[in-house]
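Asks: The structure file final-v1.txt (compact mmCIF, C-alpha atoms) is provided below.
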```txt
# COMPACT_ATOMS: atom_id res chain seq x y z
CA MET A 1 -1.96 68.10 6.17
CA LYS A 2 -3.54 69.08 2.86
CA GLU A 3 -0.75 67.34 1.00
CA ASP A 4 -1.36 64.15 2.95
CA ILE A 5 -5.08 64.25 2.16
CA GLU A 6 -4.28 64.98 -1.46
CA LEU A 7 -1.90 62.06 -1.73
CA ARG A 8 -4.47 59.70 -0.19
CA ILE A 9 -7.14 60.95 -2.58
CA TRP A 10 -4.81 60.50 -5.55
CA ASP A 11 -4.20 56.91 -4.49
CA PHE A 12 -7.96 56.46 -4.09
CA VAL A 13 -8.74 57.95 -7.50
CA GLU A 14 -6.04 55.94 -9.24
CA GLY A 15 -6.96 52.74 -7.44
CA THR A 16 -3.52 52.21 -5.94
CA CYS A 17 -4.60 52.05 -2.28
CA SER A 18 -5.56 49.03 -0.19
CA PRO A 19 -9.27 48.12 0.34
CA ASP A 20 -9.08 49.34 3.96
CA GLU A 21 -7.58 52.65 2.91
CA LYS A 22 -10.17 52.93 0.17
CA ALA A 23 -12.98 52.53 2.70
CA ALA A 24 -11.40 55.10 5.02
CA VAL A 25 -11.03 57.65 2.22
CA GLN A 26 -14.58 57.00 1.05
CA GLN A 27 -15.85 57.64 4.57
CA ASN A 28 -14.01 60.97 4.72
CA LEU A 29 -15.33 61.92 1.29
CA ASP A 30 -18.87 61.20 2.41
CA THR A 31 -18.64 63.41 5.47
CA ASP A 32 -15.93 66.04 5.13
CA PRO A 33 -16.46 69.05 2.77
CA GLU A 34 -12.70 69.75 2.72
CA TRP A 35 -12.05 66.22 1.45
CA GLN A 36 -14.79 66.67 -1.14
CA ARG A 37 -13.23 69.91 -2.38
CA ILE A 38 -9.79 68.31 -2.72
CA PHE A 39 -11.39 65.31 -4.42
CA ARG A 40 -12.90 67.59 -7.09
CA GLU A 41 -9.54 69.26 -7.65
CA VAL A 42 -7.81 65.90 -8.00
CA LYS A 43 -10.40 64.62 -10.48
CA GLU A 44 -10.07 67.74 -12.61
CA MET A 45 -6.31 67.48 -12.56
CA GLN A 46 -6.48 63.80 -13.46
CA GLN A 47 -8.71 64.52 -16.44
CA LEU A 48 -6.39 67.28 -17.57
CA LEU A 49 -3.34 65.03 -17.31
CA ALA A 50 -4.93 62.23 -19.33
CA GLN A 51 -4.49 64.02 -22.64
CA GLU A 52 -3.69 62.36 -25.95
CA PRO A 53 0.00 62.35 -26.85
CA GLU A 54 1.31 64.82 -29.43
CA LEU A 55 1.81 63.51 -32.93
CA PRO A 56 4.84 63.93 -35.17
CA SER A 57 4.54 64.76 -38.88
CA LEU A 58 2.57 62.48 -41.18
CA ARG A 59 5.75 61.24 -42.84
CA PHE A 60 7.22 60.03 -39.57
CA THR A 61 6.56 56.30 -39.94
CA LYS A 62 7.58 56.41 -43.60
CA ASN A 63 10.87 58.13 -42.72
CA VAL A 64 11.63 55.56 -40.05
CA MET A 65 10.79 52.64 -42.33
CA GLU A 66 12.95 54.04 -45.14
CA GLU A 67 15.88 54.16 -42.74
CA ILE A 68 15.06 50.71 -41.37
CA THR A 69 15.47 49.13 -44.80
CA ARG A 70 19.15 50.14 -44.63
CA GLN A 71 19.60 48.70 -41.13
CA ARG A 72 20.04 45.22 -39.75
CA ILE A 73 19.18 43.85 -36.33
CA ALA A 74 22.44 43.55 -34.41
CA PRO A 75 23.16 40.24 -32.68
CA ALA A 76 22.19 40.14 -29.01
CA ALA A 77 24.96 41.34 -26.71
CA GLN A 78 24.99 37.99 -24.92
CA SER A 79 25.79 36.09 -28.11
CA TYR A 80 29.21 37.64 -28.61
CA ILE A 81 30.53 37.25 -25.09
CA ASN A 82 32.95 34.35 -25.40
CA LYS A 83 32.57 32.18 -22.31
CA ARG A 84 35.81 30.32 -23.03
CA ILE A 85 37.78 33.53 -22.56
CA ILE A 86 36.05 34.12 -19.23
CA TRP A 87 36.88 30.56 -18.17
CA ALA A 88 40.52 30.94 -19.27
CA ILE A 89 40.87 34.14 -17.24
CA GLY A 90 39.24 32.45 -14.25
CA ILE A 91 41.62 29.47 -14.43
CA PHE A 92 44.59 31.81 -14.79
CA LEU A 93 43.53 33.79 -11.74
CA GLY A 94 42.89 30.61 -9.77
CA THR A 95 46.42 29.40 -10.62
CA ILE A 96 47.94 32.67 -9.44
CA ILE A 97 46.03 32.55 -6.15
CA SER A 98 46.99 28.90 -5.62
CA ALA A 99 50.65 29.70 -6.32
CA ALA A 100 50.58 32.60 -3.85
CA LEU A 101 48.97 30.40 -1.18
CA ALA A 102 51.44 27.57 -1.77
CA TYR A 103 54.33 30.02 -1.46
CA GLY A 104 52.90 31.38 1.81
CA PHE A 105 52.37 27.91 3.30
CA ARG A 106 55.91 26.90 2.39
CA GLN A 107 57.21 29.73 4.55
CA MET A 108 55.44 28.37 7.62
CA ASN A 109 56.98 25.97 10.07
CA TRP A 110 54.43 23.17 10.46
CA ARG A 111 56.59 21.18 12.93
CA ASP A 112 56.22 23.57 15.80
CA ASN A 113 55.24 21.51 18.89
CA SER A 114 54.80 24.36 21.31
CA ALA A 115 52.28 24.22 24.11
CA PRO A 116 48.77 25.58 23.38
CA VAL A 117 49.58 28.81 25.20
CA LYS A 118 52.20 29.44 22.58
CA GLU A 119 49.97 28.50 19.66
CA PHE A 120 50.59 31.84 17.99
CA LYS A 121 54.28 31.20 17.74
CA SER A 122 53.99 30.03 14.16
CA LEU A 123 52.34 33.33 13.38
CA ASP A 124 55.24 35.09 15.04
CA LYS A 125 57.48 33.25 12.66
CA LEU A 126 55.44 34.62 9.79
CA ASN A 127 56.51 38.05 10.97
CA ASN A 128 60.07 36.93 10.60
CA ILE A 129 59.71 36.55 6.89
CA ASP A 130 61.68 39.22 5.14
CA PHE A 131 58.90 40.66 2.98
CA SER A 132 61.21 43.24 1.49
CA GLN A 133 63.13 40.36 -0.09
CA VAL A 134 59.90 38.71 -1.28
CA PHE A 135 58.43 41.83 -2.83
CA ASN A 136 61.69 42.81 -4.45
CA ASN A 137 61.54 39.61 -6.36
CA ASN A 138 60.78 40.53 -9.98
CA LEU A 139 58.63 37.46 -10.52
CA VAL A 140 56.38 38.26 -7.55
CA ASN A 141 56.18 41.90 -8.61
CA GLY A 142 55.18 40.75 -12.05
CA PHE A 143 52.42 38.58 -10.58
CA LEU A 144 51.17 41.43 -8.46
CA LEU A 145 51.11 43.77 -11.41
CA LEU A 146 49.24 41.22 -13.47
CA ASN A 147 46.72 40.78 -10.65
CA ILE A 148 46.16 44.50 -10.47
CA ILE A 149 45.64 44.73 -14.23
CA LEU A 150 43.24 41.78 -14.19
CA GLY A 151 41.42 43.27 -11.20
CA LEU A 152 40.97 46.55 -13.06
CA PHE A 153 39.88 44.66 -16.16
CA PHE A 154 37.19 42.79 -14.23
CA LEU A 155 36.10 45.95 -12.46
CA ASP A 156 35.74 47.64 -15.85
CA ARG A 157 33.69 44.74 -17.23
CA PHE A 158 31.54 44.67 -14.11
CA LEU A 159 30.80 48.39 -14.32
CA ALA A 160 30.17 48.20 -18.08
CA ASN A 161 27.72 45.33 -17.58
CA LYS A 162 26.01 47.20 -14.79
CA ARG A 163 25.68 50.30 -16.96
CA ARG A 164 24.34 48.28 -19.88
CA LYS A 165 21.80 46.54 -17.65
CA HIS A 166 20.82 49.87 -16.17
CA GLN A 167 20.40 51.42 -19.63
CA SER A 168 18.32 48.54 -20.94
CA GLY A 169 16.49 48.24 -17.63
CA GLY A 170 17.26 44.53 -17.48
CA PHE A 171 14.91 43.74 -20.36
CA MET B 1 -0.87 49.90 -23.73
CA SER B 2 0.09 47.83 -26.77
CA THR B 3 -0.46 47.71 -30.50
CA GLY B 4 -3.58 45.59 -30.24
CA VAL B 5 -1.81 42.71 -31.91
CA ASN B 6 0.51 41.40 -29.23
CA ASP B 7 3.71 43.47 -29.20
CA ASN B 8 5.85 40.39 -28.59
CA GLU B 9 4.23 38.67 -31.53
CA LEU B 10 5.04 41.61 -33.79
CA ILE B 11 8.60 41.71 -32.51
CA ALA B 12 9.01 38.01 -33.20
CA ARG B 13 7.88 38.68 -36.76
CA VAL B 14 10.33 41.57 -37.12
CA LYS B 15 13.14 39.42 -35.74
CA ALA B 16 12.19 36.76 -38.28
CA GLY B 17 12.75 39.29 -41.06
CA ASP B 18 9.31 40.86 -41.54
CA GLN B 19 10.31 44.53 -41.53
CA GLN B 20 6.78 45.72 -42.28
CA ALA B 21 5.63 44.43 -38.89
CA TYR B 22 7.88 47.11 -37.42
CA ALA B 23 5.80 49.79 -39.20
CA VAL B 24 2.83 48.76 -37.02
CA ILE B 25 4.95 49.25 -33.93
CA VAL B 26 6.22 52.65 -35.12
CA GLN B 27 2.72 53.75 -36.05
CA HIS B 28 1.41 52.86 -32.61
CA TYR B 29 4.19 54.25 -30.46
CA GLN B 30 5.21 57.31 -32.47
CA GLY B 31 2.97 59.67 -30.49
CA TYR B 32 4.11 58.41 -27.11
CA VAL B 33 7.80 58.49 -28.03
CA PHE B 34 7.48 61.89 -29.70
CA THR B 35 5.70 63.36 -26.67
CA LEU B 36 8.32 61.97 -24.33
CA VAL B 37 11.13 63.32 -26.51
CA LEU B 38 9.45 66.74 -26.56
CA ARG B 39 9.88 66.93 -22.80
CA TYR B 40 13.65 66.86 -23.30
CA VAL B 41 13.90 68.51 -26.72
CA PRO B 42 11.25 71.24 -27.00
CA ASN B 43 12.04 72.06 -30.64
CA ARG B 44 9.64 69.95 -32.70
CA GLU B 45 12.01 69.41 -35.64
CA ASP B 46 14.80 68.23 -33.38
CA ALA B 47 12.34 66.14 -31.38
CA GLU B 48 11.13 64.42 -34.53
CA GLU B 49 14.70 63.64 -35.55
CA VAL B 50 15.46 62.23 -32.10
CA ALA B 51 12.22 60.21 -32.07
CA GLN B 52 13.17 58.66 -35.43
CA ASP B 53 16.56 57.84 -34.02
CA VAL B 54 14.86 56.12 -31.07
CA PHE B 55 12.94 53.77 -33.38
CA ILE B 56 16.01 53.04 -35.47
CA LYS B 57 18.09 52.26 -32.38
CA ALA B 58 15.29 50.09 -31.01
CA TYR B 59 15.17 48.18 -34.31
CA ARG B 60 18.91 47.58 -34.32
CA SER B 61 18.84 46.41 -30.67
CA LEU B 62 15.73 44.29 -31.02
CA ALA B 63 17.71 41.10 -30.39
CA ASP B 64 18.44 42.40 -26.87
CA PHE B 65 14.73 42.70 -26.04
CA ARG B 66 13.89 39.46 -24.27
CA GLY B 67 10.25 40.23 -23.56
CA GLU B 68 10.68 40.18 -19.78
CA ALA B 69 9.27 43.71 -19.54
CA ARG B 70 6.74 45.50 -21.71
CA PHE B 71 8.08 46.62 -25.07
CA SER B 72 6.92 50.17 -24.33
CA THR B 73 9.05 50.30 -21.16
CA TRP B 74 12.09 49.15 -23.12
CA LEU B 75 11.35 51.65 -25.89
CA TYR B 76 10.98 54.59 -23.46
CA THR B 77 14.27 53.67 -21.84
CA ILE B 78 15.92 53.94 -25.24
CA ALA B 79 14.04 57.20 -25.83
CA ARG B 80 15.36 58.66 -22.60
CA THR B 81 18.99 57.68 -23.19
CA THR B 82 18.78 58.91 -26.79
CA CYS B 83 17.46 62.28 -25.60
CA LEU B 84 20.20 62.60 -23.01
CA SER B 85 22.85 61.74 -25.64
CA PHE B 86 21.33 64.30 -28.00
CA LEU B 87 21.38 67.00 -25.34
CA ARG B 88 24.94 66.10 -24.39
CA ARG B 89 25.98 66.40 -28.03
CA LYS B 90 24.22 69.74 -28.29
CA GLN B 91 25.38 70.64 -24.78
CA GLN B 92 21.93 71.73 -23.71
CA PRO B 93 21.29 71.62 -20.00
CA VAL B 94 18.78 69.13 -18.65
CA HIS B 95 16.92 70.89 -15.89
CA SER B 96 17.19 68.19 -13.31
CA LEU B 97 15.50 68.14 -9.94
CA GLU B 98 18.96 67.85 -8.43
CA LYS B 99 20.14 71.03 -10.12
CA PRO B 100 19.95 73.85 -7.61
CA GLY B 101 18.12 77.01 -8.55
CA VAL B 102 15.87 75.58 -11.25
CA HIS B 103 12.70 75.82 -9.24
CA GLU B 104 13.62 79.21 -7.88
CA ALA B 105 14.34 80.55 -11.36
CA ALA B 106 11.10 79.16 -12.74
CA SER B 107 9.01 80.45 -9.87
CA GLN B 108 10.47 83.91 -10.30
CA LEU B 109 8.91 84.10 -13.76
CA THR B 110 5.78 86.15 -13.46
CA ALA B 111 2.65 85.49 -15.44
CA SER B 112 3.38 88.55 -17.56
CA GLU B 113 6.73 87.11 -18.61
CA THR B 114 5.20 84.02 -20.17
CA PRO B 115 4.45 84.45 -23.88
CA ALA B 116 1.04 85.97 -24.33
CA VAL B 117 -0.50 83.29 -26.49
CA GLU B 118 -4.09 82.60 -25.77
CA VAL B 119 -4.61 79.20 -24.29
CA LYS B 120 -7.88 77.89 -25.63
CA THR B 121 -7.82 74.16 -25.11
CA LYS B 122 -6.92 71.85 -22.27
CA ASN B 123 -4.25 70.32 -24.48
CA GLU B 124 -2.67 73.68 -25.12
CA LEU B 125 -2.84 74.60 -21.45
CA LEU B 126 -1.19 71.36 -20.46
CA ARG B 127 1.47 71.64 -23.17
CA ARG B 128 2.40 75.13 -22.05
CA ALA B 129 2.36 74.22 -18.38
CA TYR B 130 4.67 71.28 -19.12
CA GLY B 131 7.01 73.77 -20.76
CA LEU B 132 7.32 75.57 -17.43
CA LEU B 133 8.29 72.43 -15.53
CA ASN B 134 11.77 71.01 -15.28
CA THR B 135 12.57 68.00 -17.48
CA ASP B 136 12.42 65.46 -14.64
CA ASP B 137 8.91 66.52 -13.66
CA SER B 138 7.51 66.70 -17.18
CA THR B 139 9.10 63.37 -18.11
CA ILE B 140 7.73 61.48 -15.13
CA LEU B 141 4.23 62.89 -15.65
CA THR B 142 4.34 62.04 -19.35
CA LEU B 143 5.43 58.49 -18.58
CA TYR B 144 2.73 58.03 -15.96
CA TYR B 145 -0.26 59.71 -17.56
CA GLN B 146 0.34 59.64 -21.28
CA ALA B 147 2.62 56.68 -21.80
CA GLU B 148 0.67 54.72 -19.16
CA GLN B 149 3.68 53.26 -17.41
CA SER B 150 3.30 51.86 -13.91
CA LEU B 151 5.43 53.12 -11.03
CA ASP B 152 7.56 49.96 -11.29
CA GLU B 153 8.11 50.56 -14.98
CA ILE B 154 8.92 54.23 -14.43
CA GLY B 155 11.42 53.08 -11.82
CA ARG B 156 13.05 50.88 -14.44
CA ILE B 157 13.14 53.62 -17.05
CA LEU B 158 14.53 56.29 -14.74
CA GLY B 159 16.66 53.97 -12.62
CA ILE B 160 14.86 54.74 -9.36
CA GLU B 161 12.83 52.77 -6.81
CA PRO B 162 9.03 52.58 -7.38
CA ASN B 163 8.41 54.39 -4.10
CA ALA B 164 10.69 57.22 -5.19
CA ALA B 165 8.81 57.29 -8.50
CA LYS B 166 5.52 57.63 -6.62
CA VAL B 167 6.83 60.56 -4.58
CA ARG B 168 8.24 62.22 -7.69
CA VAL B 169 4.97 61.81 -9.57
CA HIS B 170 3.10 63.45 -6.74
CA ARG B 171 5.54 66.33 -6.42
CA ALA B 172 5.51 66.85 -10.18
CA ARG B 173 1.69 66.94 -10.20
CA THR B 174 1.70 69.52 -7.43
CA ARG B 175 4.27 71.67 -9.21
CA LEU B 176 2.34 71.40 -12.48
CA ARG B 177 -0.85 72.57 -10.83
CA ASP B 178 1.00 75.41 -9.10
CA LYS B 179 2.49 76.51 -12.42
CA MET B 180 -0.91 76.46 -14.08
CA LEU B 181 -2.49 78.48 -11.31
CA GLN B 182 0.44 80.89 -11.29
CA HIS B 183 0.75 81.46 -15.04
CA PHE B 184 -2.67 80.68 -16.45
CA PRO B 185 -5.17 81.46 -13.67
CA ARG B 186 -7.85 82.70 -16.07
CA GLU B 187 -7.55 79.71 -18.37
CA VAL B 188 -7.60 77.31 -15.47
CA LYS B 189 -10.73 78.97 -14.17
CA ASP B 190 -12.35 78.83 -17.61
CA LEU B 191 -11.44 75.26 -18.31
CA SER B 192 -12.28 73.82 -14.94
CA SER B 193 -13.66 74.85 -11.61
CA PHE B 194 -10.42 74.96 -9.66
```
Can the structure from this file be put into structure tokens for me?
Replies:
Amino acid sequence: MKEDIELRIWDFVEGTCSPDEKAAVQQNLDTDPEWQRIFREVKEMQQLLAQEPELPSLRFTKNVMEEITRQRIAPAAQSYINKRIIWAIGIFLGTIISAALAYGFRQMNWRDNSAPVKEFKSLDKLNNIDFSQVFNNNLVNGFLLLNIILGLFFLDRFLANKRRKHQSGGF
Amino acid sequence: MSTGVNDNELIARVKAGDQQAYAVIVQHYQGYVFTLVLRYVPNREDAEEVAQDVFIKAYRSLADFRGEARFSTWLYTIARTTCLSFLRRKQQPVHSLEKPGVHEAASQLTASETPAVEVKTKNELLRRAYGLLNTDDSTILTLYYQAEQSLDEIGRILGIEPNAAKVRVHRARTRLRDKMLQHFPREVKDLSSF
């Protein structure tokens, strides 16, 4: 209960509450001695917290500036991300996906004229594909491996970007 | 909080090659950055070294600052990550809120166990009380009250939601007051009418 009152008074003192809430708190402060006591505590604490920051040694700025003269501003991270490479990887991935889809469609029998009740027959035929033969194929295995590597590569880039954004706070 | 001259204006000048404009920025923010670093690195010499490193890193990365947030928020984010890297290098523990036992250990300290240095000023009282808090609490209070960051900005710096920042600020305030009353009851009574 006290904590709730305290939190409301902090919001009131720091001006972070709505006008309605402000009026309600003000009313309590005008009438309730307990609220008045907590208000005094909060004000004292607020004054105590608003202290000047500590200062480093007098040479601080000079030391920094001496070091700065030996430094250069690095180019922005965005400037050295080559978009053409990203596009090339995207096109490559798109080609692989298209090839995989084309291969899958070729395995299907599109001339099946079965009645609607048997519309899933073509899917049954999909089950007849000997996947062990397909996945033993070195070329397909190679494609799969490449996909996995590219997937991991993109995941790594995604996480790295996320971390960088998080560290810079999206500034 | 800014340098008086618009921060973004100064940064544009620095980016254009005017290194001396950066001295104005350093001069203005040195206290805030140093105080924030002290919350992680209590040793003043180390803290000064880390604070210098913060300004040098900020200078080198200035091209990445797009002015979408306040410069101070960006700078404190760099300060925080630099402190954490420093502590990792030195392998000093950061007393996080998530770390179990920190509060218990701190609360078990009795008033007689705290160094018997007379606390004469409010500043000194606050500095010593901050020393009794865990790093998360002292950092969030420093950002809110001394570095004048909003809850949104604190959320950005610490990677938390503004609402979570608000709750943490309140809990940290409560713990700070408890520590002061527990360890410096006489000083608190002298300095205010708690």
Asks: Using all atoms listed in the file, find the residues of chain B whose closest atom to chain A is at most 6 Å away, then write them as an NGL selection string.
Replies: :B and (31-32 or 35 or 52 or 60-61 or 63-66 or 68-69 or 145 or 156)
Asks: Go through B:Ala172, B:Asn123, B:Leu151, B:Asp178 one by one, measure the shortest atom-to-atom distance of each to B:Asp137 using only C-alpha atoms, and give the residue with the smallest value.
Replies: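 Checking each of B:Ala172, B:Asn123, B:Leu151, B:Asp178 against B:Asp137, counting only C-alpha atoms, the winner is B:Ala172.
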Asks: So which residues touch stretch 27-35 of chain A within 8 Å, counting only C-alpha atoms, skipping near sequence neighbours fewer than 4 positions away, as an MDAnalysis selection string?
Replies: chainID A and resid 5 23 39
Asks: Would you kindly return, as a list in words, each protein, DNA or RNA residue with an atom no farther than 10 Å from any atom of A:Arg8, considering only C-alpha atoms and excluding same-chain residues fewer than 4 positions away?
Replies: Lys2, Glu3, Asp4, Phe12, Val13, Glu14, Thr16, Cys17, Glu21, Lys22, Ala24, Val25 and Phe39 of chain A
Asks: Using atom CA of B:Thr77 and atom CA of A:Asn161 as the two end points, give the distance in Å to one decimal.
Replies: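 Going from atom CA of B:Thr77 over to atom CA of A:Asn161, I get 16.4 Å.
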Asks: Mind giving me the axis-aligned box for stretch 128-147 of chain B with 3 Å on every side, centre plus edges in Å to one decimal, as JSON?
Replies:
```
{"center_x": 6.2, "center_y": 66.1, "center_z": -17.9, "size_x": 18.8, "size_y": 24.9, "size_z": 14.4}
```
Asks: Name the residues in contact with B:Arg39 at a cut-off of 10 Å, using all atoms listed in the file, excluding same-chain residues fewer than 6 positions from it; report them as a PDB file with C-alpha atoms, in the coordinates of the input.
Replies:
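The result, written out as out.pdb:
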```
ATOM      1  CA  ALA B  47      12.340  66.140 -31.380  1.00  0.00           C
ATOM      2  CA  ARG B  80      15.360  58.660 -22.600  1.00  0.00           C
ATOM      3  CA  CYS B  83      17.460  62.280 -25.600  1.00  0.00           C
ATOM      4  CA  ARG B 127       1.470  71.640 -23.170  1.00  0.00           C
ATOM      5  CA  TYR B 130       4.670  71.280 -19.120  1.00  0.00           C
ATOM      6  CA  GLY B 131       7.010  73.770 -20.760  1.00  0.00           C
ATOM      7  CA  LEU B 133       8.290  72.430 -15.530  1.00  0.00           C
ATOM      8  CA  ASN B 134      11.770  71.010 -15.280  1.00  0.00           C
ATOM      9  CA  THR B 135      12.570  68.000 -17.480  1.00  0.00           C
ATOM     10  CA  ASP B 136      12.420  65.460 -14.640  1.00  0.00           C
ATOM     11  CA  ASP B 137       8.910  66.520 -13.660  1.00  0.00           C
ATOM     12  CA  SER B 138       7.510  66.700 -17.180  1.00  0.00           C
ATOM     13  CA  THR B 139       9.100  63.370 -18.110  1.00  0.00           C
ATOM     14  CA  ILE B 140       7.730  61.480 -15.130  1.00  0.00           C
ATOM     15  CA  LEU B 141       4.230  62.890 -15.650  1.00  0.00           C
ATOM     16  CA  THR B 142       4.340  62.040 -19.350  1.00  0.00           C
TER      17      THR B 142
END
```
Asks: Write stretch 37-50 of chain A as a PDB file, in the frame of the given file, completed to N, CA and C atoms.
Replies:
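Resulting contents of out11.pdb:
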```
ATOM      1  N   ARG A  37     -13.805  68.849  -1.544  1.00  0.00           N
ATOM      2  CA  ARG A  37     -13.230  69.910  -2.380  1.00  0.00           C
ATOM      3  C   ARG A  37     -11.912  69.437  -3.015  1.00  0.00           C
ATOM      4  N   ILE A  38     -11.077  68.805  -2.188  1.00  0.00           N
ATOM      5  CA  ILE A  38      -9.790  68.310  -2.720  1.00  0.00           C
ATOM      6  C   ILE A  38     -10.040  67.202  -3.745  1.00  0.00           C
ATOM      7  N   PHE A  39     -11.051  66.379  -3.491  1.00  0.00           N
ATOM      8  CA  PHE A  39     -11.390  65.310  -4.420  1.00  0.00           C
ATOM      9  C   PHE A  39     -11.732  65.879  -5.802  1.00  0.00           C
ATOM     10  N   ARG A  40     -12.531  66.957  -5.801  1.00  0.00           N
ATOM     11  CA  ARG A  40     -12.900  67.590  -7.090  1.00  0.00           C
ATOM     12  C   ARG A  40     -11.667  68.114  -7.815  1.00  0.00           C
ATOM     13  N   GLU A  41     -10.779  68.746  -7.056  1.00  0.00           N
ATOM     14  CA  GLU A  41      -9.540  69.260  -7.650  1.00  0.00           C
ATOM     15  C   GLU A  41      -8.721  68.140  -8.275  1.00  0.00           C
ATOM     16  N   VAL A  42      -8.605  67.046  -7.520  1.00  0.00           N
ATOM     17  CA  VAL A  42      -7.810  65.900  -8.000  1.00  0.00           C
ATOM     18  C   VAL A  42      -8.427  65.321  -9.261  1.00  0.00           C
ATOM     19  N   LYS A  43      -9.732  65.177  -9.298  1.00  0.00           N
ATOM     20  CA  LYS A  43     -10.400  64.620 -10.480  1.00  0.00           C
ATOM     21  C   LYS A  43     -10.177  65.505 -11.703  1.00  0.00           C
ATOM     22  N   GLU A  44     -10.278  66.809 -11.489  1.00  0.00           N
ATOM     23  CA  GLU A  44     -10.070  67.740 -12.610  1.00  0.00           C
ATOM     24  C   GLU A  44      -8.638  67.650 -13.129  1.00  0.00           C
ATOM     25  N   MET A  45      -7.724  67.583 -12.189  1.00  0.00           N
ATOM     26  CA  MET A  45      -6.310  67.480 -12.560  1.00  0.00           C
ATOM     27  C   MET A  45      -6.055  66.168 -13.297  1.00  0.00           C
ATOM     28  N   GLN A  46      -6.678  65.112 -12.828  1.00  0.00           N
ATOM     29  CA  GLN A  46      -6.480  63.800 -13.460  1.00  0.00           C
ATOM     30  C   GLN A  46      -6.989  63.809 -14.896  1.00  0.00           C
ATOM     31  N   GLN A  47      -8.158  64.445 -15.083  1.00  0.00           N
ATOM     32  CA  GLN A  47      -8.710  64.520 -16.440  1.00  0.00           C
ATOM     33  C   GLN A  47      -7.804  65.346 -17.348  1.00  0.00           C
ATOM     34  N   LEU A  48      -7.265  66.409 -16.789  1.00  0.00           N
ATOM     35  CA  LEU A  48      -6.390  67.280 -17.570  1.00  0.00           C
ATOM     36  C   LEU A  48      -5.110  66.539 -17.974  1.00  0.00           C
ATOM     37  N   LEU A  49      -4.598  65.731 -17.047  1.00  0.00           N
ATOM     38  CA  LEU A  49      -3.340  65.030 -17.310  1.00  0.00           C
ATOM     39  C   LEU A  49      -3.499  63.906 -18.341  1.00  0.00           C
ATOM     40  N   ALA A  50      -4.718  63.360 -18.415  1.00  0.00           N
ATOM     41  CA  ALA A  50      -4.930  62.230 -19.330  1.00  0.00           C
ATOM     42  C   ALA A  50      -5.214  62.715 -20.746  1.00  0.00           C
TER      43      ALA A  50
END
```
